[in-house]
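Just below is one structure, and these are the notes that go with it.
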Amino acid sequence: MDNAKHKALTILIKAGKQLVLPLISIVLVFIVSSVILLFSGHSPISAYGAMISGAFGDMGKIADTLGTATPLILTGLAVAIAMKGGAVNIGCEGQLYAGAMAATITGIFVKGLPAVLHIPLCLLAAMVAGGLWASFAGWLKVRLQTSEVIVTIMLNYIAIYLTDYIVTYWIKAEGMVVKTPNVLDSALLMKLYPHSRLTIGFIIAVVITVLLYWMLKKTVFGFELQAMGYNRAAAETGGVNLNKCFMAAMLLSGALAGLAGAVEVLGVHKYFIKGFSPGYGYDGLSIAVLGQNTPIGVAVSAVLFGALRSGATMMDRATNIPGDFVVILQALIILFVATPGIVMELRRQGRILFMRGKDGKQA
Amino acid sequence: MMDLLSQAGVLFSSAIRIAIPIVYGAMACMICELSGIVNIGVEGMMLAGSFGGVLASYLTGSAWIGLLFAMAFAMVFALLHGILTIRFKTGHIISGLGINLLASGITTLLLVSIWNNRGKSDAVAGLGTVQLTFLKNIPFIGEAFGNLSPLFFLMVLLIIGFWILLYKTVWGLRLRTVGESPKTADSAGINVTKMQYTAVLLCGALAGIGGAYLSIGDIGLFARDMVAGRGYIAMAVNIFGGWNPLGVLCGGMVFGIAQSTQFRLQGDNFPVQIVQMLPYLLTILVLILVKNRARGPSAAGKSFDRAEV
C-alpha cells in the first residue's frame with residue numbers, strides 16, 4: 001500500500017519536473033512577445049484577449065481549436081518520431097501536401113465504395129504518399145550521406161509547386177478558383193460538432209498518439225529507434241541495423257505528416273487548394289520541441305498551438321495585428337524550450353538577488 | 001557570331017544576378033560552419049537583412065545607410081544564434097529554425113506596423129548599378145559585366161579577401177582548427193568562444209548584405225518572406241563549394257547559370273510551377289552530385305564545452 005503510494009508520488013514528481021521547464025518557458029514567451037508587441041505599437045492585452053476569446057470563447061470555438069489541433073498533433077508526432085531516431089525531418093509541410101493530394105485524388109476518383117472503406121483507403125493513400133516523399137530524403141541520407149535537413153526543406157518547396165501543378169493542369173474544378181473538385185461524400189470525415197473543424201480526424205489523431213506511446217515503450221522497433229537517436233555507435237554495436245531503422249523512422253514520420261494533410265482536406269476543406277496549409281508542417285517542429293518529443297507531450301502542445309492558431313484568426317480580425325504574430329510566439333517557444341540554460345540562468349540570478357535581499361535585511 | 005556572344009553575355013549577367021545573394025548566403029554559412037557552428041538560420045538572417053536595408057533606406061533616403069543597417073539587423077539575429085549555441089549550447093538546427101521563424105514573424109509584424117501593408121513595403125531608394133561604359137564595346141564582357149550591382153564587385157573583393165584570410169593568415173588557420181577540433185584549439189591557447197562569436201557575427205554581416213541585395217539591391221522594396229529558401233539553397237552551395245570561398249563562388253555561378261538558362265529555354269508556354277520548382281530540384285541534384293565527397297568541419301554542430309574532457 002505504502003509502496004504503491006510512494007510509486008505514484010514519484011511518478012507525479014517526475015511528471016511535475018518535466019512540466020516545469022515548458023511552463024516557465026511559456027510564461028517567458030508571453031513576457032517577451034508582449035514587449036515585442038508594445039515596441040511595434042500594439043497592445044498586448046487586447047491581442048491576448050482576442051486570442052483567448054477566439055480560441056475558447058464558446059463551444060464552437062473550442063471545437064475549432066481541437067479541429068485545428070488535429071493536423072498539428074500528427075505533424076508534431078511526425079517530427080517527434082524522426083527526432084527520437086536522431087533524424088531531422090523539416091519536410092513535414094511537403095509530406096503533408098503530398099498526402100493531401102493523394103487523399104484528394106483517391107477521394108475523387110475511387111467511386112462506389114461505402115464510407116467505412118473509402119475513408120481508410122484515402123487515409124492510407126495519404127500515408128503512403130507522405131511516407132514515400134520523406135523516404136526519398138531518408139534514402140539519400142542512407143546511401144549518399146546527404147543532409148536530410150536540406151533535402152527535406154527542398155522537398156517542401158517541390159511538393160508545394162508539384163501539387164499546384166497537378167491541380168492547375170490535371171484536375172482543376174470548373175470555375176475561376178484553382179482548386180480540385182470536391183471529394184465524394186463517402187470520403188468526407190464526419191463532424192463531431194456541427195459547423196466546426198472538429199471531425200473524427202481528432203479521434204484518429206488521439207488514437208495514433210496512444211499507439212506511438214505504446215510503440216516507443218513496448219516494441220523492439222521503438223527501442224531500437226531510441227537507441228539510434230541516443231547513440232548511433234552504441235546502437236550499431238548492439239545490433240541495430242542503422243540504415244533500416246533510419247529509413248523506417250523517415251517512412252513513419254512522413255506517413256504521419258501525410259495523414260495530417262488527409263484529415264485537413266477530407267475533414268475541413270473537402271477539396272485541395274494551393275496554400276490550404278498555413279504551415280502546419282512547420283508548426284510540427286515547434287510542437288515536437290515543446291512536447292519534448294514524447295507522444296503525450298506532443299498532443300498537449302498541439303492543442304496549445306491549435307488554440308494559438310484559432311485565437312490568431314480572431315486577433316487578426318478584431319485587432320490590426322497580423323495573424324502571423326503567432327509565428328513569433330512559436331519561434332520564442334522553440335528557442336526557450338530548447339534552451340533550458342536560459343531558465344536555469346534566470347533561476348541562478350534570481351537566487352543571487354534573493355540572497356542579497358536577505359543579507360541586506362540582516363545587516 | 002557577335003550576336004551569339006552578346007546573348008551569352010546577357011545570359012551570364014542574369015546568372016550573376018541570381019548567384020549574388022546565394023553566394024553571400026553561402027559565404028555566411030561557410031564562415032559560420034568553419035568555426036563549428038551549423039547555421040540553418042542564414043535564411044532568417046538574410047530576411048532580416050532585406051528588411052533592415054529597406055527600413056533604413058526608407059527612413060534616411062540613402063540606400064548605402066540601408067546596407068549598413070541590413071548588416072546590423074542580420075547581425076542581431078546572428079548574435080542571438082551565437083549566444084544560444086555557444087553560451088547555452090542549444091541544438092544548432094533547432095536554434096537556426098527558431099531564428100528563421102523569429103525573423104519571418106518580426107519582419108511581417110513590422111511591415112504592418114510601418115507601412116500598414118501585409119504583403120510588401122513602399123518602394124525605397126535602391127543601390128542602383130555600376131555602369132562600366134568603357135566595357136560597352138567589348139563583346140560578351142560588355143553585356144555580362146557592364147551593368148551590375150555594386151554588391152557584385154564587393155562580393156568579388158570579399159571572396160578574395162576571405163580566401164586570403166582563411167588560407168594565408170594565422171587567424172584563418174586558427175578558425176579552421178576551432179571547427180575541426182575545438183579541444184585541440186583550446187589546448188593550443190586559442191580562445192574558442194571568441195573565435196566562434198567572431199565567425200557568427202561575420203556570418204550575420206554577410207547574410208545581411210545578401211539579403212539587402214534582394215531588397216535594395218534589386219527591386220527596391222521589401223516583400224514578405226522574400227528570401228524564399230535562398231538561405232537553404234546557400235547551405236547546399238556551401239557544401240558544393242567545399243567550405244572554400246572560391247568553391248562557393250563556382251557553386252553559386254553554376255547555380256545561377258543553370259537557372260538563367262532554364263528561364264531562357266522555356267519561353268512563355270511552360271508551366272510556371274515547374275519553373276518555380278527548378279532551383280530546389282537543382283539543389284537536391286547538386287547535393288547528390290557531391291555525394292559523400294563533401295566533408296565539412298568535423299566538430300560542426302557540436303557545442304564546445306571546456307569543462308568536458
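A note on labels: chains of the C-alpha cells are A, B, ... as shown, every chain counts residues from 1, and ligands are counted from 1 in their shown order.
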
Requested in this report: Would you mind listing what lies within 10 Å of Gly41 of chain A as a ChimeraX atom specification, with only C-alpha atoms counted and same-chain residues fewer than 5 positions away left out?
Outcome: /A:35-36,321 /B:110,113-114

For chain A, which residues have at least one atom within 9 Å of chain B, if we go by only C-alpha atoms? Write them as a PDB file with N, CA, C and O atoms, in the first residue's frame, please.
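And here's out25.pdb as it stands now:
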```pdb
ATOM      1  N   ILE A  36       7.618  42.715 -27.510  1.00  0.00           N
ATOM      2  CA  ILE A  36       7.693  42.919 -28.965  1.00  0.00           C
ATOM      3  C   ILE A  36       6.436  43.638 -29.458  1.00  0.00           C
ATOM      4  O   ILE A  36       6.507  44.579 -30.255  1.00  0.00           O
ATOM      5  N   LEU A  37       5.272  43.224 -28.940  1.00  0.00           N
ATOM      6  CA  LEU A  37       4.016  43.870 -29.350  1.00  0.00           C
ATOM      7  C   LEU A  37       4.029  45.346 -28.985  1.00  0.00           C
ATOM      8  O   LEU A  37       3.660  46.204 -29.791  1.00  0.00           O
ATOM      9  N   SER A  40       6.160  47.340 -31.292  1.00  0.00           N
ATOM     10  CA  SER A  40       5.633  47.562 -32.639  1.00  0.00           C
ATOM     11  C   SER A  40       4.304  48.307 -32.581  1.00  0.00           C
ATOM     12  O   SER A  40       3.578  48.367 -33.565  1.00  0.00           O
ATOM     13  N   GLY A  41       3.984  48.857 -31.409  1.00  0.00           N
ATOM     14  CA  GLY A  41       2.849  49.754 -31.319  1.00  0.00           C
ATOM     15  C   GLY A  41       1.490  49.085 -31.176  1.00  0.00           C
ATOM     16  O   GLY A  41       0.478  49.632 -31.595  1.00  0.00           O
ATOM     17  N   HIS A  42       1.454  47.885 -30.585  1.00  0.00           N
ATOM     18  CA  HIS A  42       0.177  47.214 -30.365  1.00  0.00           C
ATOM     19  C   HIS A  42       0.001  46.958 -28.878  1.00  0.00           C
ATOM     20  O   HIS A  42       0.960  46.943 -28.125  1.00  0.00           O
ATOM     21  N   VAL A  88      16.317  14.584 -38.523  1.00  0.00           N
ATOM     22  CA  VAL A  88      15.650  15.882 -38.506  1.00  0.00           C
ATOM     23  C   VAL A  88      14.764  15.977 -39.737  1.00  0.00           C
ATOM     24  O   VAL A  88      15.247  16.107 -40.856  1.00  0.00           O
ATOM     25  N   LEU A 140      18.418   9.132 -49.565  1.00  0.00           N
ATOM     26  CA  LEU A 140      19.618   9.897 -49.928  1.00  0.00           C
ATOM     27  C   LEU A 140      20.602   9.947 -48.770  1.00  0.00           C
ATOM     28  O   LEU A 140      21.814   9.849 -48.954  1.00  0.00           O
ATOM     29  N   ARG A 143      22.152   6.339 -48.404  1.00  0.00           N
ATOM     30  CA  ARG A 143      23.030   5.945 -49.500  1.00  0.00           C
ATOM     31  C   ARG A 143      24.190   6.908 -49.715  1.00  0.00           C
ATOM     32  O   ARG A 143      25.309   6.495 -49.992  1.00  0.00           O
ATOM     33  N   LEU A 144      23.917   8.210 -49.628  1.00  0.00           N
ATOM     34  CA  LEU A 144      24.937   9.180 -50.021  1.00  0.00           C
ATOM     35  C   LEU A 144      25.352  10.127 -48.896  1.00  0.00           C
ATOM     36  O   LEU A 144      26.092  11.075 -49.121  1.00  0.00           O
ATOM     37  N   GLN A 145      24.863   9.882 -47.685  1.00  0.00           N
ATOM     38  CA  GLN A 145      25.156  10.790 -46.559  1.00  0.00           C
ATOM     39  C   GLN A 145      24.766  12.238 -46.865  1.00  0.00           C
ATOM     40  O   GLN A 145      25.400  13.170 -46.379  1.00  0.00           O
ATOM     41  N   THR A 146      23.756  12.423 -47.702  1.00  0.00           N
ATOM     42  CA  THR A 146      23.276  13.775 -47.972  1.00  0.00           C
ATOM     43  C   THR A 146      22.461  14.257 -46.772  1.00  0.00           C
ATOM     44  O   THR A 146      21.648  13.507 -46.255  1.00  0.00           O
ATOM     45  N   SER A 147      22.692  15.506 -46.371  1.00  0.00           N
ATOM     46  CA  SER A 147      21.992  16.025 -45.193  1.00  0.00           C
ATOM     47  C   SER A 147      20.478  15.979 -45.390  1.00  0.00           C
ATOM     48  O   SER A 147      19.948  16.576 -46.325  1.00  0.00           O
ATOM     49  N   VAL A 149      18.429  17.386 -43.593  1.00  0.00           N
ATOM     50  CA  VAL A 149      17.883  18.695 -43.240  1.00  0.00           C
ATOM     51  C   VAL A 149      17.606  19.502 -44.511  1.00  0.00           C
ATOM     52  O   VAL A 149      16.487  19.965 -44.748  1.00  0.00           O
ATOM     53  N   ILE A 150      18.639  19.642 -45.351  1.00  0.00           N
ATOM     54  CA  ILE A 150      18.473  20.463 -46.554  1.00  0.00           C
ATOM     55  C   ILE A 150      17.519  19.784 -47.534  1.00  0.00           C
ATOM     56  O   ILE A 150      16.640  20.432 -48.109  1.00  0.00           O
ATOM     57  N   VAL A 151      17.663  18.467 -47.703  1.00  0.00           N
ATOM     58  CA  VAL A 151      16.833  17.782 -48.702  1.00  0.00           C
ATOM     59  C   VAL A 151      15.352  17.878 -48.337  1.00  0.00           C
ATOM     60  O   VAL A 151      14.513  18.172 -49.197  1.00  0.00           O
ATOM     61  N   ILE A 153      13.885  20.185 -46.658  1.00  0.00           N
ATOM     62  CA  ILE A 153      13.421  21.565 -46.892  1.00  0.00           C
ATOM     63  C   ILE A 153      13.153  21.774 -48.385  1.00  0.00           C
ATOM     64  O   ILE A 153      12.116  22.316 -48.788  1.00  0.00           O
ATOM     65  N   MET A 154      14.086  21.314 -49.221  1.00  0.00           N
ATOM     66  CA  MET A 154      13.904  21.458 -50.671  1.00  0.00           C
ATOM     67  C   MET A 154      12.650  20.714 -51.124  1.00  0.00           C
ATOM     68  O   MET A 154      11.891  21.187 -51.982  1.00  0.00           O
ATOM     69  N   LEU A 155      12.430  19.528 -50.540  1.00  0.00           N
ATOM     70  CA  LEU A 155      11.256  18.740 -50.931  1.00  0.00           C
ATOM     71  C   LEU A 155       9.951  19.440 -50.546  1.00  0.00           C
ATOM     72  O   LEU A 155       8.911  19.210 -51.174  1.00  0.00           O
ATOM     73  N   TYR A 157       9.361  22.730 -50.864  1.00  0.00           N
ATOM     74  CA  TYR A 157       9.052  23.638 -51.973  1.00  0.00           C
ATOM     75  C   TYR A 157       8.588  22.831 -53.178  1.00  0.00           C
ATOM     76  O   TYR A 157       7.620  23.191 -53.856  1.00  0.00           O
ATOM     77  N   ILE A 158       9.288  21.720 -53.443  1.00  0.00           N
ATOM     78  CA  ILE A 158       8.953  20.936 -54.624  1.00  0.00           C
ATOM     79  C   ILE A 158       7.532  20.379 -54.506  1.00  0.00           C
ATOM     80  O   ILE A 158       6.750  20.439 -55.454  1.00  0.00           O
ATOM     81  N   ALA A 159       7.172  19.874 -53.335  1.00  0.00           N
ATOM     82  CA  ALA A 159       5.824  19.305 -53.153  1.00  0.00           C
ATOM     83  C   ALA A 159       4.761  20.374 -53.352  1.00  0.00           C
ATOM     84  O   ALA A 159       3.731  20.134 -53.996  1.00  0.00           O
ATOM     85  N   ILE A 160       5.017  21.568 -52.825  1.00  0.00           N
ATOM     86  CA  ILE A 160       4.003  22.617 -52.927  1.00  0.00           C
ATOM     87  C   ILE A 160       3.794  23.010 -54.396  1.00  0.00           C
ATOM     88  O   ILE A 160       2.650  23.115 -54.864  1.00  0.00           O
ATOM     89  N   TYR A 161       4.896  23.170 -55.146  1.00  0.00           N
ATOM     90  CA  TYR A 161       4.742  23.535 -56.560  1.00  0.00           C
ATOM     91  C   TYR A 161       4.199  22.375 -57.380  1.00  0.00           C
ATOM     92  O   TYR A 161       3.397  22.576 -58.301  1.00  0.00           O
ATOM     93  N   LEU A 162       4.620  21.151 -57.043  1.00  0.00           N
ATOM     94  CA  LEU A 162       4.163  19.989 -57.819  1.00  0.00           C
ATOM     95  C   LEU A 162       2.656  19.789 -57.659  1.00  0.00           C
ATOM     96  O   LEU A 162       1.934  19.582 -58.637  1.00  0.00           O
ATOM     97  N   ASP A 164       0.528  22.044 -56.847  1.00  0.00           N
ATOM     98  CA  ASP A 164      -0.117  23.173 -57.516  1.00  0.00           C
ATOM     99  C   ASP A 164      -0.213  22.899 -59.025  1.00  0.00           C
ATOM    100  O   ASP A 164      -1.231  23.178 -59.667  1.00  0.00           O
ATOM    101  N   TYR A 165       0.867  22.320 -59.560  1.00  0.00           N
ATOM    102  CA  TYR A 165       0.870  21.960 -60.979  1.00  0.00           C
ATOM    103  C   TYR A 165      -0.222  20.942 -61.277  1.00  0.00           C
ATOM    104  O   TYR A 165      -0.976  21.076 -62.249  1.00  0.00           O
ATOM    105  N   TYR A 169      -3.226  21.829 -63.881  1.00  0.00           N
ATOM    106  CA  TYR A 169      -3.244  21.261 -65.224  1.00  0.00           C
ATOM    107  C   TYR A 169      -4.002  19.947 -65.343  1.00  0.00           C
ATOM    108  O   TYR A 169      -4.349  19.540 -66.434  1.00  0.00           O
ATOM    109  N   LEU A 285       7.384  21.192 -35.958  1.00  0.00           N
ATOM    110  CA  LEU A 285       8.718  21.303 -35.347  1.00  0.00           C
ATOM    111  C   LEU A 285       8.631  21.942 -33.974  1.00  0.00           C
ATOM    112  O   LEU A 285       9.161  21.424 -32.997  1.00  0.00           O
ATOM    113  N   SER A 286       7.938  23.075 -33.902  1.00  0.00           N
ATOM    114  CA  SER A 286       7.818  23.765 -32.618  1.00  0.00           C
ATOM    115  C   SER A 286       7.082  22.880 -31.623  1.00  0.00           C
ATOM    116  O   SER A 286       7.427  22.839 -30.442  1.00  0.00           O
ATOM    117  N   VAL A 289       9.299  20.183 -30.254  1.00  0.00           N
ATOM    118  CA  VAL A 289      10.259  20.723 -29.291  1.00  0.00           C
ATOM    119  C   VAL A 289       9.564  20.985 -27.956  1.00  0.00           C
ATOM    120  O   VAL A 289      10.050  20.599 -26.892  1.00  0.00           O
ATOM    121  N   ASN A 320      -5.543  45.096 -35.362  1.00  0.00           N
ATOM    122  CA  ASN A 320      -4.791  45.220 -36.618  1.00  0.00           C
ATOM    123  C   ASN A 320      -3.454  44.470 -36.554  1.00  0.00           C
ATOM    124  O   ASN A 320      -2.543  44.744 -37.307  1.00  0.00           O
ATOM    125  N   ILE A 321      -3.369  43.524 -35.613  1.00  0.00           N
ATOM    126  CA  ILE A 321      -2.155  42.713 -35.526  1.00  0.00           C
ATOM    127  C   ILE A 321      -2.302  41.531 -36.485  1.00  0.00           C
ATOM    128  O   ILE A 321      -3.292  40.812 -36.426  1.00  0.00           O
ATOM    129  N   PRO A 322      -1.336  41.344 -37.380  1.00  0.00           N
ATOM    130  CA  PRO A 322      -1.483  40.235 -38.328  1.00  0.00           C
ATOM    131  C   PRO A 322      -1.412  38.891 -37.613  1.00  0.00           C
ATOM    132  O   PRO A 322      -0.704  38.745 -36.615  1.00  0.00           O
ATOM    133  N   GLY A 323      -2.143  37.908 -38.122  1.00  0.00           N
ATOM    134  CA  GLY A 323      -2.148  36.583 -37.521  1.00  0.00           C
ATOM    135  C   GLY A 323      -0.760  35.959 -37.504  1.00  0.00           C
ATOM    136  O   GLY A 323      -0.504  35.054 -36.713  1.00  0.00           O
ATOM    137  N   ASP A 324       0.107  36.461 -38.364  1.00  0.00           N
ATOM    138  CA  ASP A 324       1.472  35.917 -38.406  1.00  0.00           C
ATOM    139  C   ASP A 324       2.208  36.128 -37.094  1.00  0.00           C
ATOM    140  O   ASP A 324       3.292  35.602 -36.902  1.00  0.00           O
ATOM    141  N   PHE A 325       1.598  36.916 -36.211  1.00  0.00           N
ATOM    142  CA  PHE A 325       2.224  37.134 -34.921  1.00  0.00           C
ATOM    143  C   PHE A 325       2.483  35.809 -34.206  1.00  0.00           C
ATOM    144  O   PHE A 325       3.448  35.675 -33.468  1.00  0.00           O
ATOM    145  N   VAL A 326       1.622  34.798 -34.444  1.00  0.00           N
ATOM    146  CA  VAL A 326       1.842  33.513 -33.767  1.00  0.00           C
ATOM    147  C   VAL A 326       3.179  32.909 -34.167  1.00  0.00           C
ATOM    148  O   VAL A 326       3.745  32.123 -33.424  1.00  0.00           O
ATOM    149  N   VAL A 327       3.669  33.274 -35.353  1.00  0.00           N
ATOM    150  CA  VAL A 327       4.973  32.750 -35.768  1.00  0.00           C
ATOM    151  C   VAL A 327       6.049  33.186 -34.778  1.00  0.00           C
ATOM    152  O   VAL A 327       6.941  32.417 -34.424  1.00  0.00           O
ATOM    153  N   ILE A 328       5.933  34.439 -34.299  1.00  0.00           N
ATOM    154  CA  ILE A 328       6.900  34.920 -33.308  1.00  0.00           C
ATOM    155  C   ILE A 328       6.774  34.109 -32.024  1.00  0.00           C
ATOM    156  O   ILE A 328       7.770  33.690 -31.437  1.00  0.00           O
ATOM    157  N   LEU A 329       5.512  33.873 -31.616  1.00  0.00           N
ATOM    158  CA  LEU A 329       5.308  33.066 -30.408  1.00  0.00           C
ATOM    159  C   LEU A 329       5.968  31.697 -30.563  1.00  0.00           C
ATOM    160  O   LEU A 329       6.646  31.208 -29.670  1.00  0.00           O
ATOM    161  N   GLN A 330       5.762  31.086 -31.730  1.00  0.00           N
ATOM    162  CA  GLN A 330       6.335  29.762 -31.964  1.00  0.00           C
ATOM    163  C   GLN A 330       7.848  29.803 -31.912  1.00  0.00           C
ATOM    164  O   GLN A 330       8.482  28.934 -31.310  1.00  0.00           O
ATOM    165  N   ALA A 331       8.425  30.823 -32.539  1.00  0.00           N
ATOM    166  CA  ALA A 331       9.878  30.928 -32.551  1.00  0.00           C
ATOM    167  C   ALA A 331      10.394  31.030 -31.122  1.00  0.00           C
ATOM    168  O   ALA A 331      11.342  30.349 -30.730  1.00  0.00           O
ATOM    169  N   LEU A 332       9.738  31.879 -30.324  1.00  0.00           N
ATOM    170  CA  LEU A 332      10.196  32.066 -28.946  1.00  0.00           C
ATOM    171  C   LEU A 332      10.027  30.776 -28.151  1.00  0.00           C
ATOM    172  O   LEU A 332      10.878  30.417 -27.331  1.00  0.00           O
ATOM    173  N   ILE A 333       8.920  30.062 -28.395  1.00  0.00           N
ATOM    174  CA  ILE A 333       8.716  28.792 -27.689  1.00  0.00           C
ATOM    175  C   ILE A 333       9.856  27.829 -28.015  1.00  0.00           C
ATOM    176  O   ILE A 333      10.473  27.244 -27.130  1.00  0.00           O
ATOM    177  N   ILE A 334      10.152  27.701 -29.306  1.00  0.00           N
ATOM    178  CA  ILE A 334      11.259  26.819 -29.701  1.00  0.00           C
ATOM    179  C   ILE A 334      12.525  27.213 -28.971  1.00  0.00           C
ATOM    180  O   ILE A 334      13.196  26.399 -28.339  1.00  0.00           O
ATOM    181  N   LEU A 335      12.862  28.512 -29.048  1.00  0.00           N
ATOM    182  CA  LEU A 335      14.148  28.947 -28.517  1.00  0.00           C
ATOM    183  C   LEU A 335      14.222  28.754 -27.005  1.00  0.00           C
ATOM    184  O   LEU A 335      15.215  28.272 -26.480  1.00  0.00           O
ATOM    185  N   ALA A 338      14.042  24.855 -26.065  1.00  0.00           N
ATOM    186  CA  ALA A 338      15.242  24.126 -26.474  1.00  0.00           C
ATOM    187  C   ALA A 338      16.474  24.619 -25.727  1.00  0.00           C
ATOM    188  O   ALA A 338      17.543  24.048 -25.852  1.00  0.00           O
ATOM    189  N   THR A 339      16.314  25.689 -24.976  1.00  0.00           N
ATOM    190  CA  THR A 339      17.453  26.247 -24.261  1.00  0.00           C
ATOM    191  C   THR A 339      17.176  26.277 -22.773  1.00  0.00           C
ATOM    192  O   THR A 339      16.904  27.334 -22.209  1.00  0.00           O
ATOM    193  N   PRO A 340      17.225  25.107 -22.111  1.00  0.00           N
ATOM    194  CA  PRO A 340      16.942  25.087 -20.675  1.00  0.00           C
ATOM    195  C   PRO A 340      17.914  25.976 -19.916  1.00  0.00           C
ATOM    196  O   PRO A 340      17.603  26.464 -18.838  1.00  0.00           O
ATOM    197  N   GLY A 341      19.070  26.231 -20.518  1.00  0.00           N
ATOM    198  CA  GLY A 341      20.089  27.064 -19.874  1.00  0.00           C
ATOM    199  C   GLY A 341      19.553  28.433 -19.491  1.00  0.00           C
ATOM    200  O   GLY A 341      19.951  28.994 -18.468  1.00  0.00           O
ATOM    201  N   ILE A 342      18.650  28.989 -20.294  1.00  0.00           N
ATOM    202  CA  ILE A 342      18.152  30.338 -20.010  1.00  0.00           C
ATOM    203  C   ILE A 342      17.367  30.341 -18.704  1.00  0.00           C
ATOM    204  O   ILE A 342      17.580  31.176 -17.828  1.00  0.00           O
TER     205      ILE A 342
END
```

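Distances to Met226 of chain B were evaluated for B:Thr133, B:Ser50, B:Ser298, B:Thr198 using only C-alpha atoms, and the minimum falls at B:Ser50.
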
Requested in this report: Can you pull out every residue within 7 Å of Leu123 of chain A, counting only C-alpha atoms, but drop anything in the same chain fewer than 2 positions away, and send it as a ChimeraX atom specification?
Outcome: /A:103,119-121,125-127,259,262

Query raised in the report: Neighbours of Ile204 of chain A within 10 Å (only C-alpha atoms; same-chain residues fewer than 5 positions away dropped), as a VMD selection string?
Result: chain A and resid 70 74 199 209 259 263

Which residues, written as a short mmCIF file (atom, residue, chain, number, x, y, z; two decimals) with all heavy atoms, in the first residue's frame, have at least one atom at most 12 Å from Ile160 of chain B, with only C-alpha atoms counted and residues fewer than 6 positions away on the same chain left out?
```
data_model
loop_
_atom_site.label_atom_id
_atom_site.label_comp_id
_atom_site.auth_asym_id
_atom_site.auth_seq_id
_atom_site.Cartn_x
_atom_site.Cartn_y
_atom_site.Cartn_z
N MET B 27 28.64 32.10 -48.31
CA MET B 27 29.84 32.51 -47.58
C MET B 27 29.52 32.66 -46.11
O MET B 27 30.35 32.34 -45.24
CB MET B 27 30.37 33.84 -48.13
CG MET B 27 31.11 33.64 -49.45
SD MET B 27 32.49 34.76 -49.56
CE MET B 27 31.64 36.30 -49.76
N PHE B 153 30.63 43.70 -57.12
CA PHE B 153 32.06 43.99 -57.03
C PHE B 153 32.55 43.80 -55.59
O PHE B 153 33.64 43.29 -55.35
CB PHE B 153 32.34 45.40 -57.55
CG PHE B 153 31.91 45.55 -58.98
CD1 PHE B 153 30.68 46.11 -59.31
CD2 PHE B 153 32.70 45.05 -60.00
CE1 PHE B 153 30.27 46.21 -60.62
CE2 PHE B 153 32.29 45.14 -61.32
CZ PHE B 153 31.07 45.72 -61.63
N LEU B 154 31.67 44.17 -54.64
CA LEU B 154 32.00 43.93 -53.24
C LEU B 154 32.17 42.42 -52.99
O LEU B 154 33.08 41.99 -52.30
CB LEU B 154 30.88 44.49 -52.35
CG LEU B 154 31.07 44.30 -50.85
CD1 LEU B 154 32.29 45.05 -50.37
CD2 LEU B 154 29.83 44.75 -50.08
N LEU B 166 41.39 33.01 -44.83
CA LEU B 166 41.25 31.63 -44.35
C LEU B 166 42.51 30.80 -44.58
O LEU B 166 42.85 29.94 -43.77
CB LEU B 166 40.07 30.95 -45.04
CG LEU B 166 38.68 31.40 -44.59
CD1 LEU B 166 37.62 30.74 -45.44
CD2 LEU B 166 38.48 31.04 -43.13
N TYR B 167 43.18 31.03 -45.72
CA TYR B 167 44.25 30.11 -46.08
C TYR B 167 45.65 30.72 -45.96
O TYR B 167 46.63 30.02 -46.07
CB TYR B 167 44.03 29.57 -47.49
CG TYR B 167 42.78 28.73 -47.55
CD1 TYR B 167 41.61 29.21 -48.12
CD2 TYR B 167 42.76 27.45 -46.99
CE1 TYR B 167 40.45 28.46 -48.14
CE2 TYR B 167 41.61 26.69 -47.00
CZ TYR B 167 40.46 27.19 -47.58
OH TYR B 167 39.32 26.44 -47.58
N LYS B 168 45.75 32.05 -45.78
CA LYS B 168 47.07 32.66 -45.75
C LYS B 168 47.36 33.39 -44.44
O LYS B 168 48.38 34.03 -44.31
CB LYS B 168 47.23 33.66 -46.91
CG LYS B 168 47.06 33.06 -48.29
CD LYS B 168 48.24 32.19 -48.68
CE LYS B 168 47.87 31.33 -49.87
NZ LYS B 168 48.76 30.18 -50.04
N ASN B 244 34.90 26.51 -49.14
CA ASN B 244 36.02 27.31 -49.64
C ASN B 244 35.43 28.48 -50.43
O ASN B 244 34.53 28.28 -51.26
CB ASN B 244 36.86 26.41 -50.56
CG ASN B 244 38.02 27.14 -51.18
OD1 ASN B 244 37.90 28.28 -51.60
ND2 ASN B 244 39.15 26.47 -51.25
N PRO B 245 35.90 29.73 -50.19
CA PRO B 245 35.30 30.89 -50.86
C PRO B 245 35.26 30.74 -52.38
O PRO B 245 34.25 31.07 -53.02
CB PRO B 245 36.20 32.04 -50.45
CG PRO B 245 36.88 31.60 -49.22
CD PRO B 245 36.97 30.11 -49.27
N LEU B 246 36.37 30.25 -52.97
CA LEU B 246 36.39 30.11 -54.43
C LEU B 246 35.40 29.05 -54.88
O LEU B 246 34.69 29.21 -55.87
CB LEU B 246 37.80 29.76 -54.90
CG LEU B 246 38.86 30.80 -54.53
CD1 LEU B 246 40.24 30.34 -54.97
CD2 LEU B 246 38.53 32.14 -55.16
N GLY B 247 35.32 27.95 -54.11
CA GLY B 247 34.36 26.89 -54.43
C GLY B 247 32.93 27.41 -54.34
O GLY B 247 32.08 27.09 -55.17
N VAL B 248 32.71 28.24 -53.32
CA VAL B 248 31.37 28.81 -53.14
C VAL B 248 31.00 29.68 -54.33
O VAL B 248 29.88 29.61 -54.84
CB VAL B 248 31.33 29.62 -51.82
CG1 VAL B 248 30.19 30.60 -51.82
CG2 VAL B 248 31.22 28.68 -50.63
N LEU B 249 31.97 30.48 -54.81
CA LEU B 249 31.71 31.31 -55.98
C LEU B 249 31.34 30.43 -57.18
O LEU B 249 30.36 30.70 -57.88
CB LEU B 249 32.93 32.17 -56.31
CG LEU B 249 32.81 33.02 -57.57
CD1 LEU B 249 31.74 34.08 -57.40
CD2 LEU B 249 34.12 33.67 -57.93
#
```

Query raised in the report: Could you name the residues that touch Lys270 of chain A at 7 Å or less, counting only C-alpha atoms, but leaving out those on the same chain fewer than 5 positions away, as a ChimeraX atom specification?
Result: /A:182-183,188,265

Could you write those residues out with N, CA, C and O atoms, as a short mmCIF file (atom, residue, chain, number, x, y, z; two decimals), in the first residue's frame?
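Writing the result to selection03.cif gives the following:
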```cif
data_model
loop_
_atom_site.label_atom_id
_atom_site.label_comp_id
_atom_site.auth_asym_id
_atom_site.auth_seq_id
_atom_site.Cartn_x
_atom_site.Cartn_y
_atom_site.Cartn_z
N ASN A 182 -14.77 18.80 -55.40
CA ASN A 182 -14.94 18.23 -54.06
C ASN A 182 -14.72 16.73 -54.09
O ASN A 182 -15.03 16.07 -55.08
N VAL A 183 -14.21 16.18 -52.98
CA VAL A 183 -14.12 14.73 -52.88
C VAL A 183 -15.54 14.18 -52.68
O VAL A 183 -16.45 14.91 -52.30
N LEU A 188 -15.69 11.92 -47.00
CA LEU A 188 -15.63 13.01 -46.03
C LEU A 188 -15.60 12.48 -44.60
O LEU A 188 -16.30 11.53 -44.27
N VAL A 265 -7.82 17.92 -45.47
CA VAL A 265 -8.57 18.02 -46.73
C VAL A 265 -9.93 17.33 -46.61
O VAL A 265 -10.96 17.89 -46.99
#
```
